[in-house]
Amino acid sequence: MSRALPLLLLGVTLALPRPGAASIADEFHGVRSTGMGGAGAGLGTSNDTLYLNPAGMAIGRRYGIELNYAYSPFDSLTHWNASAVDSQSGPVAGGLAYTLDRGDKHGADATVSRIYMGAAYPVTDGLALGVTGRNIRGNFLEGGTRRSVSVYTGDVGLMTRFGQGIGIGFTARNVVKTDVKELTPLTLAGGLALDASPLAVAADLEVNIQDPHHKLDTYRVGAEYLLANAFPVRLGWSLAPATKLEGTPSKENAISAGAGWVSSGGMLAVGAERSLERVKNWRLVATLGIFL
């Protein structure tokens, strides 16, 4: 199997919504997932799986490096991200990633970094287990008071692949309790996916265990179609928790779309996501990749 090495990945994105604490809590999950409404817990493809379901690193063989830049004109929040996933060098797949979020001068005024270390083991050809450890550190404004954080948490994932590209994934996120619940809520996520080229379809449900009334649950659905074995077209929808400007909790619908070109040597792609409730809350993604 040939090695595919993405050398460069450039994204321009928008984080959801104000005030800042809610935006800072939204982790960067990758460009493909963004174009598919944020879904992907059952896909296990690209470096996105390090964040969505670490078990997916051991489903299939690949080596990938991604570099990302993201900017949110809605809240002036800038994201820098780099990741590497290797499932070719040995029986245990591994992943490393770093994300730095800065900005939002009118809200959280944040500088928050996340360091990820993940590992996954293929129990059988179609079943894998994975874990990701995460360190979150930095500072942000909360209620007008500067707050500094330095906490450790992690995720545990399981993924199975069978039949004609059918994948099922389960992830328990933030299983190590911290005192910064807005950044590390304990959630359970499940994903169902069909990844049978030229079509890929994914649907995720994430349940916040700390919310007995299910007001913080998140729904994500997305699809990708590869035209002429070279041009991926993506569509997605999500319904996620949001915070209104006055500070009250709410829900926000968002739609996403994307298109691109891919070959054995590289790729170009664009994607966009837009809130249906607030037209100024939008996300734009541009991607350049090189494969060796």
# chains A, B, ... in the order shown; residues from 1 in each chain; ligands from 1

call {"tool": "residues_around", "arguments": {"residues": "stretch 275-279 of chain A", "least_positions_apart": "6", "cutoff": "8 Å", "atoms": "only C-alpha atoms", "output": "list in words"}}
result
Glu252, Asn253, Ala254 and Ile255 of chain A

call {"tool": "select_by_dssp", "arguments": {"residues": "stretch 26-88 of chain A", "states": "helix (DSSP H, G or I)", "output": "list in words"}}
result
Val31, Arg32, Ser33, Thr34, Gly35, Thr49, Leu50, Tyr51, Leu52, Pro54, Ala55, Gly56, Met57 and Ala58 of chain A

call {"tool": "residues_around", "arguments": {"residues": "A:Ser46", "least_positions_apart": "4", "cutoff": "10 Å", "atoms": "only C-alpha atoms", "output": "PyMOL selection string"}}
result
chain A and resi 6+30-33+40+50+56-57+62-66+84-85

call {"tool": "residues_around", "arguments": {"residues": "stretch 123-125 of chain A", "least_positions_apart": "2", "cutoff": "9 Å", "atoms": "only C-alpha atoms", "output": "ChimeraX atom specification"}}
result
/A:59-60,121,127-129,160-161

call {"tool": "residues_around", "arguments": {"residues": "A:Ile168", "least_positions_apart": "3", "cutoff": "12 Å", "atoms": "only C-alpha atoms", "output": "VMD selection string"}}
result
chain A and resid 40 to 44 53 55 to 56 59 126 to 128 157 to 163 165 171 189 to 195 201 to 205

call {"tool": "decode", "arguments": {"residues": "stretch 165-190 of chain A", "atoms": "C-alpha atoms", "output": "PDB file, in the first residue's frame"}}
result
ATOM      1  CA  GLY A 165     -17.713  -0.040   4.113  1.00  0.00           C
ATOM      2  CA  ILE A 166     -20.142   0.208   7.019  1.00  0.00           C
ATOM      3  CA  GLY A 167     -18.562   1.694  10.134  1.00  0.00           C
ATOM      4  CA  ILE A 168     -19.812   2.112  13.694  1.00  0.00           C
ATOM      5  CA  GLY A 169     -17.935   4.146  16.275  1.00  0.00           C
ATOM      6  CA  PHE A 170     -18.381   4.995  19.943  1.00  0.00           C
ATOM      7  CA  THR A 171     -16.409   7.566  21.930  1.00  0.00           C
ATOM      8  CA  ALA A 172     -16.406   8.617  25.578  1.00  0.00           C
ATOM      9  CA  ARG A 173     -14.907  12.097  25.662  1.00  0.00           C
ATOM     10  CA  ASN A 174     -13.247  13.877  28.575  1.00  0.00           C
ATOM     11  CA  VAL A 175     -13.364  10.780  30.776  1.00  0.00           C
ATOM     12  CA  VAL A 176     -10.913  12.371  33.238  1.00  0.00           C
ATOM     13  CA  LYS A 177     -12.841  14.874  35.349  1.00  0.00           C
ATOM     14  CA  THR A 178     -11.556  18.467  35.522  1.00  0.00           C
ATOM     15  CA  ASP A 179     -12.711  21.706  37.147  1.00  0.00           C
ATOM     16  CA  VAL A 180     -13.178  23.387  33.748  1.00  0.00           C
ATOM     17  CA  LYS A 181     -16.411  21.719  32.644  1.00  0.00           C
ATOM     18  CA  GLU A 182     -17.120  24.245  29.896  1.00  0.00           C
ATOM     19  CA  LEU A 183     -13.944  23.075  28.107  1.00  0.00           C
ATOM     20  CA  THR A 184     -14.088  19.386  29.086  1.00  0.00           C
ATOM     21  CA  PRO A 185     -17.715  18.221  29.305  1.00  0.00           C
ATOM     22  CA  LEU A 186     -18.173  14.477  29.743  1.00  0.00           C
ATOM     23  CA  THR A 187     -19.952  13.283  26.608  1.00  0.00           C
ATOM     24  CA  LEU A 188     -20.798  10.020  24.870  1.00  0.00           C
ATOM     25  CA  ALA A 189     -20.778  10.028  21.072  1.00  0.00           C
ATOM     26  CA  GLY A 190     -21.905   7.435  18.584  1.00  0.00           C
TER      27      GLY A 190
END
